[in-house]
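Take a look at the structure below.
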Protein chains: 2
Amino acid sequence: MARLEVTVDQIGPLDQGTMAAMAERLDQLTKPQGSLGRLEELAIQLAGIRGTVALFVERKIVIVAAGDHGVTEEGVSAYPREVTGQMLALFAEGRAAINVLSASAGAGVIVVNAGVAGEPPRSPEGIVNVRLGPGTRNFLRGPAMTREQATAALEAGVDVAERAVAEGADLLVTGDMGIGNTTAAAAIVAAVTGADAQQVVGRGTGVDDAGLARKTAVLREALALHHPDPSDPLGILAKVGGFEIGVLAGVVLAGAAQRRPVVLDGVVSGAAALIACGLAPGATAYCIAGHRSTEPAHSRALAHLGLEPLLDLRLRLGEGTGAALALPLIDAAVAIARDMWTFEEAGVAQRAHE
Amino acid sequence: MARLEVTVDQIGPLDQGTMAAMAERLDQLTKPQGSLGRLEELAIQLAGIRGTVALFVERKIVIVAAGDHGVTEEGVSAYPREVTGQMLALFAEGRAAINVLSASAGAGVIVVNAGVAGEPPRSPEGIVNVRLGPGTRNFLRGPAMTREQATAALEAGVDVAERAVAEGADLLVTGDMGIGNTTAAAAIVAAVTGADAQQVVGRGTGVDDAGLARKTAVLREALALHHPDPSDPLGILAKVGGFEIGVLAGVVLAGAAQRRPVVLDGVVSGAAALIACGLAPGATAYCIAGHRSTEPAHSRALAHLGLEPLLDLRLRLGEGTGAALALPLIDAAVAIARDMWTFEEAGVAQRAHE
C-alpha cells in the first residue's frame, strides 16, 4: 500500500498566505466588497490550492471512470447491465453528454475502464484500461471486492490523475458510469455518515416505485450484512463500493497531492470523495462541488464534506456532466481575479457615502 | 405611445410544435429521459422562442443601462452618486466585472447612458447615449419621472435591443448600473406584488444597519406617497422607477417581440421585467432568470414572474454579472440538443431492465 500512503502523505494544507493576498486583491477591484459571492470564494480557494494569485486554469481534464456492479442482479437499475460497456464505447467516440458538455466547457475527457463486464464493443483505443475485474461481486452475497482490489482501484486512479497532471492538467473533474452505481454510492454514503437506507436511497437514472422499494431493501440488507466501519474507508469501498468509485477516489487524492482543484460531479463522485477524504481529510480543501444532484445521498455526502455545490439544476445523469457544467464558473472566477481593474486603476470613488 | 404599442402587439406565444419536437428529440438522446433537468427545459424553451429545433446561439449581447437616482439624496446607498458615471466610463473601457464576465462567456457588451448625472469622464465614444435626464427626481418629493419620460425610456430600450438584433444578436442579456437603484427596484417590486417595504428591502451593494433602516423608511414613505396602481406598470415606472429600469424593460419587450431569449440579471433587471411583463404578459415566456441575487425583492420578483433562476451564488453586484455567468448553461443546452447522439445512432440499449 506504499504508493497510496505516499500520495496521502503528499497532501498539504492550502496556502493561507496566497489566500489572504487574493482576498485583498478582490477587495480592491471595482465592485462592492464580497459582491461576487461564491465566485470570490472560488478565486480564494484556487489561489490557496495553486499557491499563487496569478491564477490560470488552461487545461481542464474530465476523468470518467466506468465499472459494473454485481448488485444489478437484484434489479436496482432501470437499465440493463450491458449499457455500462456501451456507454464506455460512446464516451470514446465522443458523442455522449459528457463529451458534448466537456467540449462546451473547453475541457478534455479521459475515459477509464475501471472494471466493466465484457469488453467494450467499439473504439477500445480511446480508453485507458485499468480493469480491476469484470464488475464487482453482488454485495448482498459478500464483499463487492477484496481489500487488495480496493487499494489497486485507488492506486489506478492516482496513476491516471498523476499522468493527466504530468501532461499539463490544471484542473481535474470526476465523472462516472456504471449501471447500479447509485446503489453502491448510497451504501457508501450511509456507511460513512451513519444515515439509514431510507435516507440515502434515490431513483438513480429512473427506477419506478417498485424499483425504489427493491433498492431500499437491498441497501438495508447490505448494511446489515457488512456492518461497515465508518473509520475504515478502504473497508467500506471493498464491502459495498465499486471499481470506478475507487478509481475516482484515487483521482481526488492525486489531485490534492498535486495541488490541483478537483471538481466533483454527483452522488457517485461524492461517494468517491467520502472515501478519499476519509483516507486523507486534507483532500477536502482541494474539492469543488460542481452541482447538487437529485439523489438524496448526494446532499448527505456534500453536507458531510462541508461542500457547497455551485449548481443545482435537478441533474441525475452522472458521467461528470454536472461538474462539466460548473467549469465556466471557475473560468469566470479566474478571469475576475486576473482582468478586472482596481478602484485605483479605474479612478472610481471607493469611499462610502457617509 | 404608438411605437411601444406596436412592440407589445408583436409579442406572440412560444411555438408549441417546436417545443414538442425538441422534447421528443431530447428523449431519444443517450441519457435517461429528463436526466439533464433544467438544461432540458432550457433547450425546450429556446426551441419555442426561436421556432426551430436547429438551435444556435452564436451572438450574445449584454445591454448594460446606467442611470442616476434622485433618491440617493436620502442616503440609501453605500456609494456616492458619482460612481454611476465613473462605472459607465469603466464599462466603455472594458475593465469592469461585466466586461470580464461577458468576455469569459463569449458575449459582447453594449453600454447605454439612460440618464446619468453629469457627463461620463472618459471614453464617451463607446457609449450609446439615450440620456433621458440628469438622473431621476427624488421620488420622496414627487414622481421620479414624467409618464412621457417613462414611455421614452421604454422606447429607447426597444430601439437599442432592435438594433442589436438587426446586427445579429441571437440572445440578449439585461444589466444595470445606478447608485440607488436597488431602492427604486424594491419600490417597483413592492408596487407590483403588493409586498410591504420591510419585505423587499435589502442591503444593495452594502449599506450598514442604519442605511438599511433609512432605506426601509424611504420605501415605506414612497409607497404611502404614491399609492402606485399594480395594474399600471407605466405609472409605477414613472412614480418610483429609474431611467435604466425603463430602458431594460424596453429591452425585454423588444427581445420578446423579436423572438430572442432575454437573460435577466438581478433585482434591477427583475424590476424591469415586472414592468415589461405587466405591459405584455406574453413577454415572460421569453425571459430566462440568470440567477437569484441576495436582494429579497429579487426573489419576490422571480416568484411573481414564475421564473426559476439558473444560478444562486450569493451575488449582489448587478451590471448583468449574474446573467453573464449563466450564459454557458445556455450554450450547454444548445450543444446537448445539437451534438449528442440518440440511442439508435449510438447502438445503446434503451429498454428498461424489466
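By convention in this document, the chains of the C-alpha cells carry letters A, B, ... by their order, each chain's residues are numbered from 1, and ligands are numbered from 1 in the order they are shown.
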request  = Can you pull out every residue within 9 Å of segment 299-305 of chain A, counting only C-alpha atoms, but drop anything in the same chain fewer than 2 positions away, and send it as a PyMOL selection string?
outcome  = chain A and resi 189-190+192-193+195+199-200+267+270-271+273-274+277+284+289+292-297+307-309
Those residues you just picked out, can you put them in a file as a compact mmCIF listing (two decimals), in the first residue's frame with N, CA, C and O atoms?
# COMPACT_ATOMS: atom_id res chain seq x y z
N VAL A 189 -22.34 6.24 1.24
CA VAL A 189 -22.76 7.44 1.98
C VAL A 189 -23.39 7.03 3.32
O VAL A 189 -23.11 7.64 4.36
N ALA A 190 -24.23 5.99 3.29
CA ALA A 190 -24.85 5.51 4.54
C ALA A 190 -23.77 5.03 5.51
O ALA A 190 -23.80 5.35 6.70
N VAL A 192 -20.58 5.85 5.70
CA VAL A 192 -19.71 6.92 6.22
C VAL A 192 -20.45 7.86 7.15
O VAL A 192 -19.94 8.28 8.18
N THR A 193 -21.71 8.19 6.78
CA THR A 193 -22.41 9.25 7.53
C THR A 193 -23.33 8.69 8.62
O THR A 193 -23.84 9.45 9.44
N ALA A 195 -26.22 7.42 8.03
CA ALA A 195 -27.63 7.52 7.61
C ALA A 195 -28.19 6.12 7.37
O ALA A 195 -27.43 5.18 7.13
N GLN A 199 -32.92 7.02 4.06
CA GLN A 199 -32.48 8.41 3.93
C GLN A 199 -31.56 8.64 2.73
O GLN A 199 -31.40 9.77 2.30
N VAL A 200 -30.95 7.57 2.22
CA VAL A 200 -29.98 7.77 1.13
C VAL A 200 -30.47 7.25 -0.21
O VAL A 200 -29.88 7.54 -1.25
N VAL A 267 -23.60 12.06 -7.14
CA VAL A 267 -23.58 11.20 -5.96
C VAL A 267 -22.45 10.17 -6.00
O VAL A 267 -21.87 9.85 -4.96
N GLY A 270 -19.40 11.98 -5.24
CA GLY A 270 -19.49 12.35 -3.82
C GLY A 270 -19.08 11.19 -2.93
O GLY A 270 -18.37 11.37 -1.94
N ALA A 271 -19.53 9.99 -3.31
CA ALA A 271 -19.15 8.79 -2.55
C ALA A 271 -17.64 8.57 -2.64
O ALA A 271 -16.98 8.23 -1.66
N ALA A 273 -15.42 10.87 -3.09
CA ALA A 273 -14.77 11.90 -2.26
C ALA A 273 -14.84 11.54 -0.78
O ALA A 273 -13.90 11.82 -0.03
N LEU A 274 -15.93 10.90 -0.37
CA LEU A 274 -16.03 10.47 1.03
C LEU A 274 -14.93 9.44 1.36
O LEU A 274 -14.33 9.49 2.44
N CYS A 277 -11.50 11.46 1.21
CA CYS A 277 -11.33 12.40 2.32
C CYS A 277 -11.37 11.67 3.66
O CYS A 277 -10.89 12.20 4.66
N THR A 284 -10.17 17.38 1.22
CA THR A 284 -11.44 18.10 1.04
C THR A 284 -11.23 19.53 0.55
O THR A 284 -12.02 20.04 -0.25
N ALA A 289 -17.46 21.26 -5.30
CA ALA A 289 -18.67 20.52 -5.67
C ALA A 289 -19.31 21.20 -6.87
O ALA A 289 -19.79 22.33 -6.78
N ARG A 292 -25.38 19.95 -7.18
CA ARG A 292 -26.16 19.09 -6.29
C ARG A 292 -27.10 18.27 -7.15
O ARG A 292 -27.91 18.82 -7.89
N SER A 293 -26.96 16.95 -7.11
CA SER A 293 -27.85 16.09 -7.90
C SER A 293 -29.16 15.86 -7.16
O SER A 293 -29.31 16.28 -6.02
N THR A 294 -30.09 15.20 -7.83
CA THR A 294 -31.38 14.94 -7.18
C THR A 294 -31.32 13.77 -6.21
O THR A 294 -32.27 13.52 -5.49
N GLU A 295 -30.20 13.03 -6.18
CA GLU A 295 -30.09 11.88 -5.27
C GLU A 295 -29.96 12.35 -3.83
O GLU A 295 -29.05 13.12 -3.50
N PRO A 296 -30.81 11.86 -2.93
CA PRO A 296 -30.72 12.27 -1.52
C PRO A 296 -29.34 12.00 -0.92
O PRO A 296 -28.85 12.79 -0.10
N ALA A 297 -28.72 10.90 -1.32
CA ALA A 297 -27.40 10.56 -0.76
C ALA A 297 -26.36 11.63 -1.11
O ALA A 297 -25.40 11.84 -0.35
N LEU A 307 -19.16 20.79 1.71
CA LEU A 307 -19.03 21.44 0.40
C LEU A 307 -20.36 22.04 -0.05
O LEU A 307 -21.41 21.41 0.09
N GLU A 308 -20.30 23.25 -0.60
CA GLU A 308 -21.49 23.93 -1.13
C GLU A 308 -21.45 23.82 -2.64
O GLU A 308 -20.53 24.31 -3.28
N PRO A 309 -22.44 23.17 -3.25
CA PRO A 309 -22.38 22.98 -4.70
C PRO A 309 -22.56 24.29 -5.47
O PRO A 309 -23.26 25.19 -5.02
Write out as a compact mmCIF listing (two decimals) with N, CA, C and O atoms, in the first residue's frame which residues come within 7 Å of Arg59 of chain A when counting only C-alpha atoms, dropping same-chain ones fewer than 2 positions away.
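Writing done, so here's selection.txt:
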# COMPACT_ATOMS: atom_id res chain seq x y z
N VAL A 57 -6.26 28.57 -15.39
CA VAL A 57 -6.82 27.22 -15.50
C VAL A 57 -7.01 26.97 -16.98
O VAL A 57 -8.07 27.20 -17.54
N ILE A 61 -9.33 18.65 -17.36
CA ILE A 61 -9.48 17.26 -17.79
C ILE A 61 -10.56 16.55 -16.97
O ILE A 61 -10.48 16.50 -15.75
N ALA A 107 -13.04 21.53 -22.00
CA ALA A 107 -12.31 20.51 -21.24
C ALA A 107 -12.08 19.26 -22.09
O ALA A 107 -12.87 18.95 -22.97
N GLY A 168 -0.09 18.24 -18.14
CA GLY A 168 -0.47 19.65 -18.15
C GLY A 168 -1.82 20.01 -17.58
O GLY A 168 -2.23 21.18 -17.65
N ALA A 169 -2.53 19.05 -16.99
CA ALA A 169 -3.87 19.38 -16.46
C ALA A 169 -3.75 20.36 -15.30
O ALA A 169 -3.01 20.13 -14.35
N ASP A 170 -4.48 21.47 -15.39
CA ASP A 170 -4.53 22.46 -14.30
C ASP A 170 -5.67 22.16 -13.34
O ASP A 170 -5.71 22.71 -12.23
N LEU A 171 -6.59 21.33 -13.79
CA LEU A 171 -7.81 21.07 -13.00
C LEU A 171 -8.36 19.71 -13.42
O LEU A 171 -8.33 19.37 -14.60
task = Measuring atom to atom with only C-alpha atoms, identify which of B:Ala217, B:Ile330, B:Val160, B:Leu317 is nearest to chain A.
result =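 Selected residue with least distance to chain A: B:Leu317.
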query = What does the distance from atom CA of Val83 of chain A to atom CA of Ala349 of chain B come to in Å, to one decimal?
reply =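 Answer for the atom CA of Val83 of chain A to atom CA of Ala349 of chain B separation: 6.1 Å.
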message = My list of candidates is B:Ala66, B:Ala105, B:Val218, B:Leu55. Which is closest to chain A when distances are computed with only C-alpha atoms?
response =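 That would be B:Ala105, the residue with the smallest distance to chain A.
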message = Could you tell me which residues of chain B sit within 6 Å of chain A when counting only C-alpha atoms, and give me the result as an MDAnalysis selection string?
response = chainID B and resid 32 35:38 78:80 86 95:96 205 313:317 340:341 348 352:353
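Proximity to Thr146 of chain B was assessed for B:Leu172, B:Val158, B:Leu237, B:Val62 counting only C-alpha atoms; the smallest distance is recorded for B:Leu237.
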